[in-house]
Amino acid sequence: MARDLGPKCKQCRREGVKLFLKGERCLTEKCAIERRSYPPGEHGRGRIKQSEYLLQLREKQKARRFYGIFERQFRNYYKKAARQSGVTGEQLLRLLEMRLDNVVYRLGFASSRSQARQIIRHGHFQVNGRRVNIPSFQLKPDDVVLLKSRSPIESVVRDATDLTASVPAWLQADHDNLSATVLKPPERDEIDAPVEEQLIVELYSR
């Protein structure tokens, strides 16, 4: 399985916004955006000619990095969203939000999406009583997500819940029992992704 092993802080600096790729570190003064808010590289502080295409590309890259998805998979999500009724950009974000790894992160059961993916791949979570080890698993309303009983990483998950300020309204979390229920698909105003999805639609519509 392909993995992105590059420096995560450089991704945030390239996009010029916190993508919260390193969990607790992103909340401290060690965050790369706090120390060096300009893009990485020799010409990071130079002036960059802003074109319409560049803005659209950067928005797509930001969304990919925010959710931790590679290009081919992201394009497939866009194609699926375009086939659905409704606003394509909103449907795209909705599909990304309903991924199991994102939901585990949103619930506070992991300090970052990369940690959520690792925990899921190791088979520590169940959906509706069945073990699921696919981070991209698409959840549906009324699905129940549960940490496997007597899991050796229970202490890690509980430590992550301590960092969670709130849980989105479309999810219902029980941090005591480390379980949760998907109440409904999220509305656009319930998705706090720092993304202008219309620019992504314009890019893929070229």
# chains A, B, ... in the order shown; residues from 1 in each chain; ligands from 1
>>> closest_atom_pairs(of="range 36-102 of chain A", to="range 179-192 of chain A", cutoff="10 Å", atoms="only C-alpha atoms", output="JSON lines")
{"residue": "A:Gly89", "atom": "CA", "partner": "A:Arg188", "partner_atom": "CA", "distance": 9.5}
{"residue": "A:Glu90", "atom": "CA", "partner": "A:Arg188", "partner_atom": "CA", "distance": 6.2}
{"residue": "A:Gln91", "atom": "CA", "partner": "A:Arg188", "partner_atom": "CA", "distance": 9.0}
{"residue": "A:Leu93", "atom": "CA", "partner": "A:Ile191", "partner_atom": "CA", "distance": 7.8}
{"residue": "A:Arg94", "atom": "CA", "partner": "A:Pro186", "partner_atom": "CA", "distance": 6.3}
{"residue": "A:Leu95", "atom": "CA", "partner": "A:Pro185", "partner_atom": "CA", "distance": 8.8}
{"residue": "A:Glu97", "atom": "CA", "partner": "A:Pro186", "partner_atom": "CA", "distance": 7.7}
{"residue": "A:Met98", "atom": "CA", "partner": "A:Pro185", "partner_atom": "CA", "distance": 7.3}
>>> write_last_selection(atoms="C-alpha atoms", output="CSV table (one decimal), in the first residue's frame")
chain,number,residue,atom,x,y,z
A,89,GLY,CA,-18.2,20.1,-4.3
A,90,GLU,CA,-20.4,19.5,-1.2
A,91,GLN,CA,-20.9,15.8,-2.2
A,93,LEU,CA,-16.5,16.8,1.0
A,94,ARG,CA,-19.3,14.6,2.3
A,95,LEU,CA,-17.7,11.5,0.9
A,97,GLU,CA,-15.9,13.1,5.8
A,98,MET,CA,-17.7,9.8,5.9
>>> residues_around(residues="range 71-76 of chain A", least_positions_apart="4", cutoff="12 Å", atoms="only C-alpha atoms", output="ChimeraX atom specification")
/A:2,4,57,60-67,80-83,92-93,95-96,136,200-201,203-205
>>> residues_around(residues="range 114-121 of chain A", least_positions_apart="5", cutoff="9 Å", atoms="only C-alpha atoms", output="MDAnalysis selection string")
chainID A and resid 21:23 68 100:105 109 126 132:136 153
>>> write_last_selection(atoms="all heavy atoms", output="tab-separated table (two decimals), in the first residue's frame")
chain	number	residue	atom	x	y	z
A	21	LEU	N	-1.70	17.67	10.67
A	21	LEU	CA	-1.21	16.37	10.23
A	21	LEU	C	-0.38	15.67	11.30
A	21	LEU	O	-0.11	14.48	11.17
A	21	LEU	CB	-0.35	16.53	8.96
A	21	LEU	CG	-1.05	17.20	7.77
A	21	LEU	CD1	-0.09	17.32	6.60
A	21	LEU	CD2	-2.30	16.44	7.37
A	22	LYS	N	0.02	16.41	12.36
A	22	LYS	CA	0.89	15.80	13.36
A	22	LYS	C	0.28	15.82	14.76
A	22	LYS	O	1.00	15.80	15.76
A	22	LYS	CB	2.25	16.50	13.36
A	22	LYS	CG	2.99	16.37	12.04
A	22	LYS	CD	4.46	16.67	12.16
A	22	LYS	CE	5.20	15.54	12.84
A	22	LYS	NZ	6.67	15.74	12.79
A	23	GLY	N	-1.03	15.87	14.83
A	23	GLY	CA	-1.71	15.74	16.11
A	23	GLY	C	-1.39	16.85	17.09
A	23	GLY	O	-1.50	18.04	16.78
A	68	GLY	N	-5.40	13.21	3.64
A	68	GLY	CA	-4.40	12.16	3.50
A	68	GLY	C	-4.70	11.19	2.37
A	68	GLY	O	-4.62	9.97	2.55
A	100	LEU	N	-13.94	6.13	7.23
A	100	LEU	CA	-13.77	5.64	8.59
A	100	LEU	C	-12.61	6.32	9.29
A	100	LEU	O	-12.72	6.70	10.47
A	100	LEU	CB	-13.56	4.12	8.58
A	100	LEU	CG	-13.33	3.47	9.95
A	100	LEU	CD1	-14.49	3.74	10.90
A	100	LEU	CD2	-13.12	1.97	9.79
A	101	ASP	N	-11.47	6.53	8.60
A	101	ASP	CA	-10.33	7.14	9.27
A	101	ASP	C	-10.64	8.58	9.68
A	101	ASP	O	-10.24	9.02	10.77
A	101	ASP	CB	-9.07	7.08	8.40
A	101	ASP	CG	-9.25	7.73	7.03
A	101	ASP	OD1	-10.37	8.14	6.68
A	101	ASP	OD2	-8.24	7.85	6.32
A	102	ASN	N	-11.38	9.32	8.84
A	102	ASN	CA	-11.74	10.68	9.20
A	102	ASN	C	-12.70	10.71	10.37
A	102	ASN	O	-12.58	11.54	11.27
A	102	ASN	CB	-12.35	11.41	8.01
A	102	ASN	CG	-12.73	12.83	8.33
A	102	ASN	OD1	-11.89	13.70	8.42
A	102	ASN	ND2	-14.02	13.07	8.54
A	103	VAL	N	-13.68	9.79	10.38
A	103	VAL	CA	-14.66	9.74	11.47
A	103	VAL	C	-13.97	9.40	12.78
A	103	VAL	O	-14.26	10.01	13.83
A	103	VAL	CB	-15.77	8.73	11.15
A	103	VAL	CG1	-16.64	8.46	12.38
A	103	VAL	CG2	-16.65	9.25	10.01
A	104	VAL	N	-13.05	8.45	12.77
A	104	VAL	CA	-12.31	8.10	13.99
A	104	VAL	C	-11.56	9.32	14.51
A	104	VAL	O	-11.53	9.59	15.71
A	104	VAL	CB	-11.34	6.93	13.72
A	104	VAL	CG1	-10.35	6.76	14.87
A	104	VAL	CG2	-12.12	5.63	13.52
A	105	TYR	N	-10.97	10.09	13.60
A	105	TYR	CA	-10.27	11.32	14.01
A	105	TYR	C	-11.25	12.37	14.53
A	105	TYR	O	-11.00	12.99	15.57
A	105	TYR	CB	-9.48	11.87	12.82
A	105	TYR	CG	-8.94	13.26	13.05
A	105	TYR	CD1	-7.90	13.49	13.94
A	105	TYR	CD2	-9.50	14.36	12.38
A	105	TYR	CE1	-7.41	14.78	14.16
A	105	TYR	CE2	-9.01	15.64	12.60
A	105	TYR	CZ	-7.97	15.84	13.49
A	105	TYR	OH	-7.50	17.11	13.71
A	109	PHE	N	-10.86	9.81	18.70
A	109	PHE	CA	-10.26	8.52	19.03
A	109	PHE	C	-8.83	8.40	18.52
A	109	PHE	O	-8.16	7.40	18.75
A	109	PHE	CB	-11.09	7.37	18.46
A	109	PHE	CG	-12.45	7.24	19.09
A	109	PHE	CD1	-13.44	6.48	18.50
A	109	PHE	CD2	-12.76	7.89	20.28
A	109	PHE	CE1	-14.70	6.35	19.07
A	109	PHE	CE2	-14.02	7.77	20.87
A	109	PHE	CZ	-14.99	7.00	20.25
A	126	GLN	N	-14.22	-1.72	15.17
A	126	GLN	CA	-15.32	-2.48	14.61
A	126	GLN	C	-16.42	-1.52	14.14
A	126	GLN	O	-16.62	-0.47	14.74
A	126	GLN	CB	-15.92	-3.43	15.66
A	126	GLN	CG	-14.96	-4.50	16.17
A	126	GLN	CD	-15.57	-5.36	17.26
A	126	GLN	OE1	-16.51	-4.94	17.93
A	126	GLN	NE2	-15.04	-6.55	17.44
A	132	VAL	N	-13.20	-3.99	10.96
A	132	VAL	CA	-12.93	-3.31	9.69
A	132	VAL	C	-11.51	-2.76	9.75
A	132	VAL	O	-11.16	-2.03	10.67
A	132	VAL	CB	-13.93	-2.16	9.44
A	132	VAL	CG1	-13.56	-1.40	8.16
A	132	VAL	CG2	-15.35	-2.69	9.34
A	133	ASN	N	-10.69	-3.11	8.77
A	133	ASN	CA	-9.32	-2.63	8.74
A	133	ASN	C	-9.01	-1.85	7.46
A	133	ASN	O	-7.88	-1.80	6.99
A	133	ASN	CB	-8.33	-3.79	8.89
A	133	ASN	CG	-8.45	-4.81	7.78
A	133	ASN	OD1	-9.30	-4.69	6.90
A	133	ASN	ND2	-7.60	-5.82	7.81
A	134	ILE	N	-10.06	-1.23	6.90
A	134	ILE	CA	-9.91	-0.43	5.68
A	134	ILE	C	-10.18	1.04	6.03
A	134	ILE	O	-11.33	1.41	6.30
A	134	ILE	CB	-10.89	-0.90	4.60
A	134	ILE	CG1	-10.67	-2.39	4.29
A	134	ILE	CG2	-10.74	-0.06	3.34
A	134	ILE	CD1	-11.69	-2.98	3.36
A	135	PRO	N	-9.16	1.89	6.05
A	135	PRO	CA	-9.36	3.30	6.42
A	135	PRO	C	-10.37	4.04	5.56
A	135	PRO	O	-11.05	4.95	6.03
A	135	PRO	CB	-7.96	3.90	6.27
A	135	PRO	CG	-7.03	2.75	6.43
A	135	PRO	CD	-7.74	1.58	5.82
A	136	SER	N	-10.49	3.66	4.27
A	136	SER	CA	-11.40	4.36	3.37
A	136	SER	C	-12.83	3.83	3.43
A	136	SER	O	-13.68	4.26	2.64
A	136	SER	CB	-10.88	4.25	1.93
A	136	SER	OG	-10.82	2.89	1.52
A	153	ILE	N	-4.40	-0.84	22.58
A	153	ILE	CA	-4.16	0.60	22.37
A	153	ILE	C	-5.23	1.45	23.04
A	153	ILE	O	-5.34	2.64	22.73
A	153	ILE	CB	-4.11	0.92	20.87
A	153	ILE	CG1	-5.48	0.65	20.23
A	153	ILE	CG2	-3.01	0.17	20.17
A	153	ILE	CD1	-5.69	1.41	18.96
>>> closest_residue(among="A:Arg150, A:Arg106, A:Lys79, A:Arg131", to="Gln172 in chain A", atoms="only C-alpha atoms")
A:Arg106
>>> closest_residue(among="A:Ala169, A:Leu178, A:Val87, A:Ala193", to="Val156 in chain A", atoms="only C-alpha atoms")
A:Leu178
